[in-house]
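Text of the file work-v3.cif, holding mmCIF, N, CA and C atoms:
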data_run
loop_
_atom_site.label_atom_id
_atom_site.label_comp_id
_atom_site.auth_asym_id
_atom_site.auth_seq_id
_atom_site.Cartn_x
_atom_site.Cartn_y
_atom_site.Cartn_z
N MET A 1 -50.61 -65.35 135.20
CA MET A 1 -51.13 -64.17 134.53
C MET A 1 -52.30 -63.63 135.33
N THR A 2 -52.42 -62.34 135.32
CA THR A 2 -53.59 -61.69 135.88
C THR A 2 -54.16 -60.74 134.83
N ALA A 3 -55.48 -60.62 134.80
CA ALA A 3 -56.12 -59.75 133.83
C ALA A 3 -57.33 -59.09 134.50
N PHE A 4 -57.59 -57.85 134.09
CA PHE A 4 -58.74 -57.14 134.62
C PHE A 4 -59.21 -56.12 133.60
N ASP A 5 -60.46 -55.71 133.74
CA ASP A 5 -61.12 -54.82 132.81
C ASP A 5 -61.61 -53.60 133.59
N VAL A 6 -61.39 -52.42 133.02
CA VAL A 6 -61.79 -51.18 133.70
C VAL A 6 -62.41 -50.22 132.68
N PRO A 7 -63.27 -49.31 133.14
CA PRO A 7 -63.79 -48.28 132.24
C PRO A 7 -62.69 -47.29 131.89
N ALA A 8 -62.77 -46.73 130.69
CA ALA A 8 -61.75 -45.76 130.24
C ALA A 8 -62.08 -44.38 130.79
N VAL A 9 -61.96 -44.26 132.11
CA VAL A 9 -62.20 -42.99 132.81
C VAL A 9 -61.01 -42.74 133.73
N PRO A 10 -60.78 -41.48 134.10
CA PRO A 10 -59.61 -41.16 134.92
C PRO A 10 -59.51 -41.97 136.22
N GLU A 11 -60.63 -42.27 136.83
CA GLU A 11 -60.61 -43.02 138.09
C GLU A 11 -60.02 -44.42 137.95
N SER A 12 -60.03 -44.94 136.72
CA SER A 12 -59.49 -46.29 136.49
C SER A 12 -57.98 -46.35 136.69
N LEU A 13 -57.31 -45.21 136.59
CA LEU A 13 -55.85 -45.21 136.69
C LEU A 13 -55.39 -45.65 138.08
N ASP A 14 -56.13 -45.28 139.11
CA ASP A 14 -55.81 -45.76 140.46
C ASP A 14 -56.00 -47.27 140.56
N THR A 15 -57.05 -47.77 139.94
CA THR A 15 -57.30 -49.22 139.95
C THR A 15 -56.15 -49.95 139.26
N VAL A 16 -55.71 -49.43 138.13
CA VAL A 16 -54.60 -50.06 137.40
C VAL A 16 -53.35 -50.08 138.27
N GLN A 17 -53.04 -48.98 138.91
CA GLN A 17 -51.85 -48.92 139.78
C GLN A 17 -51.97 -49.92 140.94
N ASP A 18 -53.16 -49.96 141.56
CA ASP A 18 -53.36 -50.88 142.68
C ASP A 18 -53.25 -52.33 142.25
N ARG A 19 -53.86 -52.66 141.12
CA ARG A 19 -53.83 -54.05 140.65
C ARG A 19 -52.42 -54.45 140.21
N PHE A 20 -51.70 -53.50 139.59
CA PHE A 20 -50.31 -53.78 139.22
C PHE A 20 -49.50 -54.08 140.48
N GLY A 21 -49.63 -53.24 141.49
CA GLY A 21 -48.89 -53.42 142.74
C GLY A 21 -49.18 -54.76 143.39
N ALA A 22 -50.44 -55.15 143.42
CA ALA A 22 -50.82 -56.44 144.01
C ALA A 22 -50.24 -57.59 143.21
N TRP A 23 -50.29 -57.48 141.87
CA TRP A 23 -49.72 -58.52 141.00
C TRP A 23 -48.22 -58.63 141.25
N TRP A 24 -47.53 -57.49 141.25
CA TRP A 24 -46.08 -57.51 141.43
C TRP A 24 -45.71 -58.10 142.79
N ASP A 25 -46.38 -57.65 143.83
CA ASP A 25 -46.08 -58.15 145.16
C ASP A 25 -46.28 -59.66 145.24
N GLY A 26 -47.24 -60.19 144.53
CA GLY A 26 -47.50 -61.62 144.50
C GLY A 26 -46.43 -62.42 143.76
N LEU A 27 -45.67 -61.74 142.91
CA LEU A 27 -44.62 -62.44 142.16
C LEU A 27 -43.44 -62.80 143.06
N GLY A 28 -43.20 -61.99 144.08
CA GLY A 28 -42.04 -62.23 144.94
C GLY A 28 -40.72 -61.92 144.28
N ILE A 29 -40.73 -61.03 143.29
CA ILE A 29 -39.51 -60.65 142.58
C ILE A 29 -38.91 -59.42 143.24
N ASP A 30 -37.65 -59.50 143.60
CA ASP A 30 -36.95 -58.37 144.19
C ASP A 30 -36.14 -57.67 143.10
N ASP A 31 -36.81 -56.87 142.30
CA ASP A 31 -36.18 -56.23 141.15
C ASP A 31 -36.83 -54.87 140.94
N ALA A 32 -36.39 -53.90 141.70
CA ALA A 32 -37.01 -52.57 141.67
C ALA A 32 -36.90 -51.91 140.29
N ALA A 33 -35.81 -52.14 139.59
CA ALA A 33 -35.62 -51.50 138.29
C ALA A 33 -36.67 -51.98 137.28
N HIS A 34 -36.89 -53.30 137.21
CA HIS A 34 -37.89 -53.80 136.28
C HIS A 34 -39.30 -53.40 136.70
N ARG A 35 -39.55 -53.41 138.01
CA ARG A 35 -40.87 -52.98 138.47
C ARG A 35 -41.13 -51.53 138.05
N PHE A 36 -40.18 -50.66 138.32
CA PHE A 36 -40.34 -49.26 137.98
C PHE A 36 -40.56 -49.09 136.48
N ALA A 37 -39.78 -49.79 135.67
CA ALA A 37 -39.89 -49.66 134.22
C ALA A 37 -41.27 -50.08 133.72
N LEU A 38 -41.71 -51.26 134.12
CA LEU A 38 -42.99 -51.75 133.62
C LEU A 38 -44.16 -50.95 134.21
N GLU A 39 -44.08 -50.64 135.49
CA GLU A 39 -45.15 -49.89 136.14
C GLU A 39 -45.31 -48.50 135.52
N THR A 40 -44.19 -47.85 135.24
CA THR A 40 -44.23 -46.54 134.60
C THR A 40 -44.87 -46.62 133.23
N ALA A 41 -44.46 -47.61 132.44
CA ALA A 41 -44.99 -47.75 131.09
C ALA A 41 -46.47 -48.10 131.11
N VAL A 42 -46.89 -48.99 131.99
CA VAL A 42 -48.32 -49.34 132.10
C VAL A 42 -49.12 -48.09 132.46
N ALA A 43 -48.64 -47.33 133.43
CA ALA A 43 -49.35 -46.11 133.84
C ALA A 43 -49.46 -45.11 132.70
N GLU A 44 -48.39 -44.96 131.94
CA GLU A 44 -48.41 -43.99 130.83
C GLU A 44 -49.34 -44.42 129.71
N ILE A 45 -49.32 -45.70 129.35
CA ILE A 45 -50.20 -46.18 128.27
C ILE A 45 -51.65 -46.12 128.73
N ALA A 46 -51.92 -46.52 129.97
CA ALA A 46 -53.29 -46.44 130.49
C ALA A 46 -53.78 -44.99 130.49
N ALA A 47 -52.94 -44.07 130.91
CA ALA A 47 -53.31 -42.65 130.91
C ALA A 47 -53.60 -42.16 129.49
N ASN A 48 -52.81 -42.60 128.52
CA ASN A 48 -53.06 -42.22 127.13
C ASN A 48 -54.39 -42.77 126.64
N ILE A 49 -54.69 -44.02 127.00
CA ILE A 49 -55.97 -44.61 126.61
C ILE A 49 -57.12 -43.77 127.17
N VAL A 50 -57.04 -43.46 128.43
CA VAL A 50 -58.09 -42.67 129.08
C VAL A 50 -58.19 -41.29 128.46
N GLU A 51 -57.07 -40.62 128.29
CA GLU A 51 -57.07 -39.25 127.75
C GLU A 51 -57.63 -39.21 126.34
N HIS A 52 -57.16 -40.09 125.48
CA HIS A 52 -57.56 -40.03 124.08
C HIS A 52 -58.97 -40.57 123.87
N THR A 53 -59.40 -41.47 124.71
CA THR A 53 -60.78 -41.93 124.63
C THR A 53 -61.71 -40.81 125.03
N ALA A 54 -61.37 -40.10 126.08
CA ALA A 54 -62.21 -38.99 126.55
C ALA A 54 -62.25 -37.85 125.54
N ARG A 55 -61.14 -37.59 124.89
CA ARG A 55 -61.06 -36.46 123.97
C ARG A 55 -61.69 -36.77 122.62
N ALA A 56 -61.42 -37.95 122.08
CA ALA A 56 -61.81 -38.25 120.70
C ALA A 56 -63.11 -39.03 120.59
N ASP A 57 -63.53 -39.68 121.65
CA ASP A 57 -64.65 -40.60 121.52
C ASP A 57 -65.46 -40.57 122.81
N ARG A 58 -66.47 -39.77 122.83
CA ARG A 58 -67.23 -39.57 124.07
C ARG A 58 -68.36 -40.58 124.25
N GLN A 59 -68.31 -41.68 123.53
CA GLN A 59 -69.35 -42.69 123.68
C GLN A 59 -69.21 -43.38 125.03
N ALA A 60 -70.34 -43.67 125.63
CA ALA A 60 -70.33 -44.43 126.89
C ALA A 60 -69.91 -45.86 126.61
N GLY A 61 -69.38 -46.49 127.60
CA GLY A 61 -69.04 -47.90 127.47
C GLY A 61 -67.63 -48.18 126.99
N ARG A 62 -66.82 -47.17 126.81
CA ARG A 62 -65.45 -47.42 126.41
C ARG A 62 -64.70 -48.00 127.59
N ARG A 63 -63.95 -49.08 127.34
CA ARG A 63 -63.26 -49.82 128.39
C ARG A 63 -61.89 -50.24 127.88
N TYR A 64 -61.06 -50.68 128.83
CA TYR A 64 -59.80 -51.30 128.44
C TYR A 64 -59.47 -52.42 129.42
N THR A 65 -58.69 -53.36 128.92
CA THR A 65 -58.25 -54.48 129.74
C THR A 65 -56.75 -54.40 129.91
N VAL A 66 -56.29 -54.92 131.02
CA VAL A 66 -54.86 -55.00 131.30
C VAL A 66 -54.55 -56.45 131.64
N GLU A 67 -53.60 -57.04 130.93
CA GLU A 67 -53.12 -58.39 131.22
C GLU A 67 -51.66 -58.28 131.61
N LEU A 68 -51.32 -58.87 132.74
CA LEU A 68 -49.95 -58.84 133.25
C LEU A 68 -49.43 -60.26 133.35
N GLN A 69 -48.22 -60.48 132.84
CA GLN A 69 -47.65 -61.82 132.87
C GLN A 69 -46.15 -61.75 133.14
N ALA A 70 -45.69 -62.69 133.94
CA ALA A 70 -44.25 -62.79 134.23
C ALA A 70 -43.78 -64.19 133.88
N THR A 71 -42.67 -64.26 133.17
CA THR A 71 -42.00 -65.53 132.90
C THR A 71 -40.55 -65.37 133.33
N ASP A 72 -39.78 -66.43 133.20
CA ASP A 72 -38.36 -66.35 133.51
C ASP A 72 -37.63 -65.39 132.59
N ARG A 73 -38.20 -65.13 131.42
CA ARG A 73 -37.52 -64.33 130.41
C ARG A 73 -38.05 -62.91 130.25
N ALA A 74 -39.33 -62.70 130.63
CA ALA A 74 -39.91 -61.37 130.36
C ALA A 74 -41.05 -61.04 131.31
N LEU A 75 -41.25 -59.76 131.49
CA LEU A 75 -42.40 -59.21 132.17
C LEU A 75 -43.20 -58.49 131.09
N THR A 76 -44.48 -58.85 130.95
CA THR A 76 -45.26 -58.35 129.84
C THR A 76 -46.59 -57.79 130.33
N ALA A 77 -46.99 -56.69 129.74
CA ALA A 77 -48.32 -56.14 129.95
C ALA A 77 -48.95 -55.93 128.58
N VAL A 78 -50.20 -56.33 128.45
CA VAL A 78 -50.95 -56.08 127.22
C VAL A 78 -52.18 -55.29 127.60
N LEU A 79 -52.34 -54.13 126.99
CA LEU A 79 -53.51 -53.29 127.23
C LEU A 79 -54.32 -53.24 125.95
N ARG A 80 -55.62 -53.50 126.07
CA ARG A 80 -56.53 -53.48 124.93
C ARG A 80 -57.67 -52.51 125.23
N ASP A 81 -57.95 -51.63 124.26
CA ASP A 81 -59.09 -50.72 124.45
C ASP A 81 -60.01 -50.80 123.25
N ASN A 82 -61.26 -50.45 123.48
CA ASN A 82 -62.24 -50.48 122.40
C ASN A 82 -62.55 -49.08 121.88
N GLY A 83 -61.54 -48.22 121.96
CA GLY A 83 -61.67 -46.85 121.45
C GLY A 83 -61.40 -46.79 119.96
N LEU A 84 -61.40 -45.58 119.44
CA LEU A 84 -61.11 -45.37 118.03
C LEU A 84 -59.69 -45.84 117.71
N PRO A 85 -59.45 -46.29 116.47
CA PRO A 85 -58.10 -46.73 116.11
C PRO A 85 -57.07 -45.62 116.31
N VAL A 86 -55.93 -46.00 116.84
CA VAL A 86 -54.82 -45.07 117.05
C VAL A 86 -53.90 -45.16 115.84
N ASP A 87 -53.56 -44.02 115.29
CA ASP A 87 -52.63 -43.97 114.16
C ASP A 87 -51.34 -43.36 114.68
N ILE A 88 -50.38 -44.22 115.03
CA ILE A 88 -49.13 -43.74 115.63
C ILE A 88 -47.95 -44.48 115.05
N ASP A 89 -46.89 -43.75 114.80
CA ASP A 89 -45.62 -44.35 114.38
C ASP A 89 -44.70 -44.29 115.60
N LEU A 90 -44.59 -45.39 116.32
CA LEU A 90 -43.79 -45.39 117.54
C LEU A 90 -42.32 -45.08 117.29
N SER A 91 -41.83 -45.36 116.08
CA SER A 91 -40.43 -45.07 115.79
C SER A 91 -40.18 -43.57 115.66
N ALA A 92 -41.24 -42.78 115.52
CA ALA A 92 -41.09 -41.33 115.36
C ALA A 92 -41.36 -40.57 116.67
N VAL A 93 -41.66 -41.28 117.73
CA VAL A 93 -41.98 -40.63 119.01
C VAL A 93 -40.72 -40.01 119.62
N THR A 94 -40.84 -38.77 120.04
CA THR A 94 -39.75 -38.08 120.73
C THR A 94 -40.28 -37.46 122.01
N MET A 95 -39.38 -37.12 122.91
CA MET A 95 -39.76 -36.49 124.16
C MET A 95 -40.21 -35.06 123.90
N ALA A 96 -41.28 -34.65 124.53
CA ALA A 96 -41.79 -33.28 124.40
C ALA A 96 -40.79 -32.29 125.00
N ASP A 97 -40.88 -31.06 124.54
CA ASP A 97 -40.04 -30.00 125.10
C ASP A 97 -40.31 -29.84 126.59
N VAL A 98 -39.34 -29.33 127.29
CA VAL A 98 -39.45 -29.19 128.74
C VAL A 98 -40.62 -28.30 129.14
N ASP A 99 -41.00 -27.35 128.30
CA ASP A 99 -42.10 -26.44 128.62
C ASP A 99 -43.47 -26.99 128.24
N ALA A 100 -43.50 -28.09 127.51
CA ALA A 100 -44.78 -28.67 127.07
C ALA A 100 -45.53 -29.27 128.25
N GLU A 101 -46.86 -29.15 128.21
CA GLU A 101 -47.68 -29.67 129.30
C GLU A 101 -48.01 -31.14 129.13
N SER A 102 -47.82 -31.69 127.94
CA SER A 102 -48.09 -33.11 127.69
C SER A 102 -47.16 -33.60 126.59
N GLY A 103 -47.32 -34.87 126.23
CA GLY A 103 -46.52 -35.40 125.14
C GLY A 103 -45.32 -36.22 125.57
N ARG A 104 -45.27 -36.60 126.84
CA ARG A 104 -44.13 -37.37 127.33
C ARG A 104 -44.44 -38.85 127.54
N GLY A 105 -45.72 -39.21 127.61
CA GLY A 105 -46.11 -40.56 127.99
C GLY A 105 -45.53 -41.66 127.13
N LEU A 106 -45.70 -41.56 125.82
CA LEU A 106 -45.16 -42.60 124.94
C LEU A 106 -43.64 -42.62 124.97
N ALA A 107 -43.03 -41.45 125.00
CA ALA A 107 -41.56 -41.40 125.05
C ALA A 107 -41.04 -42.04 126.34
N LEU A 108 -41.70 -41.79 127.46
CA LEU A 108 -41.30 -42.43 128.73
C LEU A 108 -41.48 -43.94 128.66
N ALA A 109 -42.60 -44.39 128.10
CA ALA A 109 -42.85 -45.83 127.98
C ALA A 109 -41.79 -46.49 127.10
N ILE A 110 -41.48 -45.87 125.99
CA ILE A 110 -40.47 -46.43 125.09
C ILE A 110 -39.12 -46.50 125.78
N ALA A 111 -38.76 -45.45 126.51
CA ALA A 111 -37.47 -45.42 127.21
C ALA A 111 -37.41 -46.48 128.31
N ALA A 112 -38.53 -46.76 128.96
CA ALA A 112 -38.55 -47.69 130.09
C ALA A 112 -38.54 -49.15 129.66
N LEU A 113 -39.02 -49.44 128.47
CA LEU A 113 -39.24 -50.81 128.04
C LEU A 113 -38.17 -51.32 127.09
N ASP A 114 -38.13 -52.63 126.97
CA ASP A 114 -37.31 -53.25 125.93
C ASP A 114 -38.09 -53.32 124.62
N ARG A 115 -39.43 -53.34 124.73
CA ARG A 115 -40.25 -53.38 123.52
C ARG A 115 -41.62 -52.78 123.81
N LEU A 116 -42.07 -51.92 122.92
CA LEU A 116 -43.43 -51.38 122.95
C LEU A 116 -43.99 -51.52 121.55
N GLU A 117 -45.13 -52.17 121.45
CA GLU A 117 -45.77 -52.37 120.15
C GLU A 117 -47.23 -51.93 120.23
N HIS A 118 -47.73 -51.45 119.11
CA HIS A 118 -49.16 -51.12 119.00
C HIS A 118 -49.68 -51.71 117.70
N ARG A 119 -50.89 -52.25 117.78
CA ARG A 119 -51.58 -52.69 116.57
C ARG A 119 -53.07 -52.50 116.80
N HIS A 120 -53.82 -52.49 115.74
CA HIS A 120 -55.28 -52.41 115.84
C HIS A 120 -55.82 -53.68 115.22
N GLU A 121 -56.58 -54.44 116.02
CA GLU A 121 -57.14 -55.69 115.52
C GLU A 121 -58.48 -55.95 116.18
N GLY A 122 -59.40 -56.47 115.41
CA GLY A 122 -60.70 -56.83 115.94
C GLY A 122 -61.42 -55.70 116.64
N GLY A 123 -61.25 -54.46 116.17
CA GLY A 123 -61.90 -53.32 116.77
C GLY A 123 -61.25 -52.82 118.05
N HIS A 124 -60.04 -53.29 118.32
CA HIS A 124 -59.33 -52.90 119.54
C HIS A 124 -57.93 -52.39 119.23
N ASN A 125 -57.50 -51.38 119.99
CA ASN A 125 -56.09 -51.00 120.01
C ASN A 125 -55.43 -51.95 120.99
N VAL A 126 -54.32 -52.53 120.59
CA VAL A 126 -53.60 -53.49 121.44
C VAL A 126 -52.18 -52.98 121.63
N TRP A 127 -51.84 -52.72 122.89
CA TRP A 127 -50.51 -52.24 123.27
C TRP A 127 -49.79 -53.37 123.99
N THR A 128 -48.62 -53.75 123.51
CA THR A 128 -47.81 -54.79 124.16
C THR A 128 -46.55 -54.16 124.70
N LEU A 129 -46.34 -54.32 126.00
CA LEU A 129 -45.21 -53.73 126.72
C LEU A 129 -44.36 -54.85 127.28
N VAL A 130 -43.06 -54.83 127.00
CA VAL A 130 -42.20 -55.92 127.42
C VAL A 130 -40.90 -55.41 128.05
N CYS A 131 -40.59 -55.97 129.21
CA CYS A 131 -39.28 -55.81 129.85
C CYS A 131 -38.66 -57.19 129.88
N THR A 132 -37.50 -57.35 129.24
CA THR A 132 -36.84 -58.66 129.28
C THR A 132 -36.03 -58.75 130.56
N ARG A 133 -35.87 -60.00 131.03
CA ARG A 133 -35.18 -60.23 132.30
C ARG A 133 -33.85 -60.89 132.04
#

How does the structure come out when it is put into structure tokens?
Amino acid sequence: MTAFDVPAVPESLDTVQDRFGAWWDGLGIDDAAHRFALETAVAEIAANIVEHTARADRQAGRRYTVELQATDRALTAVLRDNGLPVDIDLSAVTMADVDAESGRGLALAIAALDRLEHRHEGGHNVWTLVCTR
């Protein structure tokens, strides 16, 4: 497992991508489809954390952590942020219209993954992303 903590600012998205790439390369897994699926979903959830933290909660010190784990059965990412609680029904998420400028992130993550879960616990939003192998 690898884990890291970043500030909830747009610049953190490059760090998340770089750290994901380094983690994946270290696994030695030759599976482009699973890499693409999990990497896409991690990027989308991280972007949502950054966007919604910036829009709804302008307090300094907002951060999120990313934990990445691979087993023989699953590739998992858990993202935790200390932003305001998210009230979302993932079963109701749909893809935005083609002309919309936003609203695709959660739909893309759901489509890419075998499981996407969100809960709020201990003052944190916790996103669990799973690709089964």

From a backbone DSSP assignment, name each residue in chain A labelled helix (DSSP H, G or I), as a PyMOL selection string. chain A and resi 12-27+32-56+90-92+105-112

Where does the PyMOL selection byres (((chain A and resi 111 and name CA) around 12) and name CA) land in this file, that is, which residues does it pick, as a CSV table (one decimal) with N, CA and C atoms, in the coordinates of the input?
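Written output follows (part.csv):
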chain,number,residue,atom,x,y,z
A,36,PHE,N,-40.2,-50.7,138.3
A,36,PHE,CA,-40.3,-49.3,138.0
A,36,PHE,C,-40.6,-49.1,136.5
A,37,ALA,N,-39.8,-49.8,135.7
A,37,ALA,CA,-39.9,-49.7,134.2
A,37,ALA,C,-41.3,-50.1,133.7
A,38,LEU,N,-41.7,-51.3,134.1
A,38,LEU,CA,-43.0,-51.8,133.6
A,38,LEU,C,-44.2,-51.0,134.2
A,40,THR,N,-44.2,-47.8,135.2
A,40,THR,CA,-44.2,-46.5,134.6
A,40,THR,C,-44.9,-46.6,133.2
A,41,ALA,N,-44.5,-47.6,132.4
A,41,ALA,CA,-45.0,-47.8,131.1
A,41,ALA,C,-46.5,-48.1,131.1
A,44,GLU,N,-48.4,-45.0,131.9
A,44,GLU,CA,-48.4,-44.0,130.8
A,44,GLU,C,-49.3,-44.4,129.7
A,90,LEU,N,-44.6,-45.4,116.3
A,90,LEU,CA,-43.8,-45.4,117.5
A,90,LEU,C,-42.3,-45.1,117.3
A,91,SER,N,-41.8,-45.4,116.1
A,91,SER,CA,-40.4,-45.1,115.8
A,91,SER,C,-40.2,-43.6,115.7
A,93,VAL,N,-41.7,-41.3,117.7
A,93,VAL,CA,-42.0,-40.6,119.0
A,93,VAL,C,-40.7,-40.0,119.6
A,94,THR,N,-40.8,-38.8,120.0
A,94,THR,CA,-39.8,-38.1,120.7
A,94,THR,C,-40.3,-37.5,122.0
A,95,MET,N,-39.4,-37.1,122.9
A,95,MET,CA,-39.8,-36.5,124.2
A,95,MET,C,-40.2,-35.1,123.9
A,104,ARG,N,-45.3,-36.6,126.8
A,104,ARG,CA,-44.1,-37.4,127.3
A,104,ARG,C,-44.4,-38.8,127.5
A,105,GLY,N,-45.7,-39.2,127.6
A,105,GLY,CA,-46.1,-40.6,128.0
A,105,GLY,C,-45.5,-41.7,127.1
A,106,LEU,N,-45.7,-41.6,125.8
A,106,LEU,CA,-45.2,-42.6,124.9
A,106,LEU,C,-43.6,-42.6,125.0
A,107,ALA,N,-43.0,-41.4,125.0
A,107,ALA,CA,-41.6,-41.4,125.0
A,107,ALA,C,-41.0,-42.0,126.3
A,108,LEU,N,-41.7,-41.8,127.5
A,108,LEU,CA,-41.3,-42.4,128.7
A,108,LEU,C,-41.5,-43.9,128.7
A,109,ALA,N,-42.6,-44.4,128.1
A,109,ALA,CA,-42.8,-45.8,128.0
A,109,ALA,C,-41.8,-46.5,127.1
A,110,ILE,N,-41.5,-45.9,126.0
A,110,ILE,CA,-40.5,-46.4,125.1
A,110,ILE,C,-39.1,-46.5,125.8
A,112,ALA,N,-38.5,-46.8,129.0
A,112,ALA,CA,-38.6,-47.7,130.1
A,112,ALA,C,-38.5,-49.2,129.7
A,113,LEU,N,-39.0,-49.4,128.5
A,113,LEU,CA,-39.2,-50.8,128.0
A,113,LEU,C,-38.2,-51.3,127.1
A,114,ASP,N,-38.1,-52.6,127.0
A,114,ASP,CA,-37.3,-53.2,125.9
A,114,ASP,C,-38.1,-53.3,124.6
A,115,ARG,N,-39.4,-53.3,124.7
A,115,ARG,CA,-40.2,-53.4,123.5
A,115,ARG,C,-41.6,-52.8,123.8
A,116,LEU,N,-42.1,-51.9,122.9
A,116,LEU,CA,-43.4,-51.4,123.0
A,116,LEU,C,-44.0,-51.5,121.6
A,129,LEU,N,-46.3,-54.3,126.0
A,129,LEU,CA,-45.2,-53.7,126.7
A,129,LEU,C,-44.4,-54.8,127.3
A,130,VAL,N,-43.1,-54.8,127.0
A,130,VAL,CA,-42.2,-55.9,127.4
A,130,VAL,C,-40.9,-55.4,128.0
A,131,CYS,N,-40.6,-56.0,129.2
A,131,CYS,CA,-39.3,-55.8,129.8
A,131,CYS,C,-38.7,-57.2,129.9

If I take atom N of Glu117 in chain A and atom C of Ala22 in chain A, how far is one from the other in Å, to one decimal? 23.0 Å

Ref. answer, residues at most 6 Å from (-55.5, -51.0, 128.2) with only N, CA and C atoms, as a VMD selection string: chain A and resid 46 64 to 66 78 to 81

When distances are computed from only C-alpha atoms, which of A:Ala70, A:Val16, A:Ala8, A:Met1 shows the smallest separation from Asn82 in chain A?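 Of the candidates, the smallest distance to Asn82 in chain A is held by A:Ala8.
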
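Close to (-49.8, -61.0, 133.3), meaning no more than 7 Å away when counting only C-alpha atoms, sit the residues Met1, Thr2, Ala3, Glu67, Leu68, Gln69, Ala70, Thr76 and Ala77 of chain A.
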
One decimal, in Å: what's the spacing between CA of Val50 in chain A and CA of Glu121 in chain A?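 We find that CA of Val50 in chain A and CA of Glu121 in chain A lie 18.8 Å from each other.
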
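With CA of Leu13 in chain A on one side and atom C of Glu51 in chain A on the other, the separation reads 12.1 Å.
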
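Nearest to Gly21 in chain A of all the residues A:Phe4, A:Glu39, A:Val9, A:Arg62 is A:Glu39, counting only C-alpha atoms.
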
Pick from A:Asn125, A:Thr71, A:Thr15, A:Thr53 nearest to Ile88 in chain A, counting only C-alpha atoms: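 Under the stated criterion, the closest residue is A:Asn125.
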
Best match for closeness to Gly83 in chain A among A:Arg19, A:His124, A:Arg119, A:Arg133, counting all atoms listed in the file: A:His124
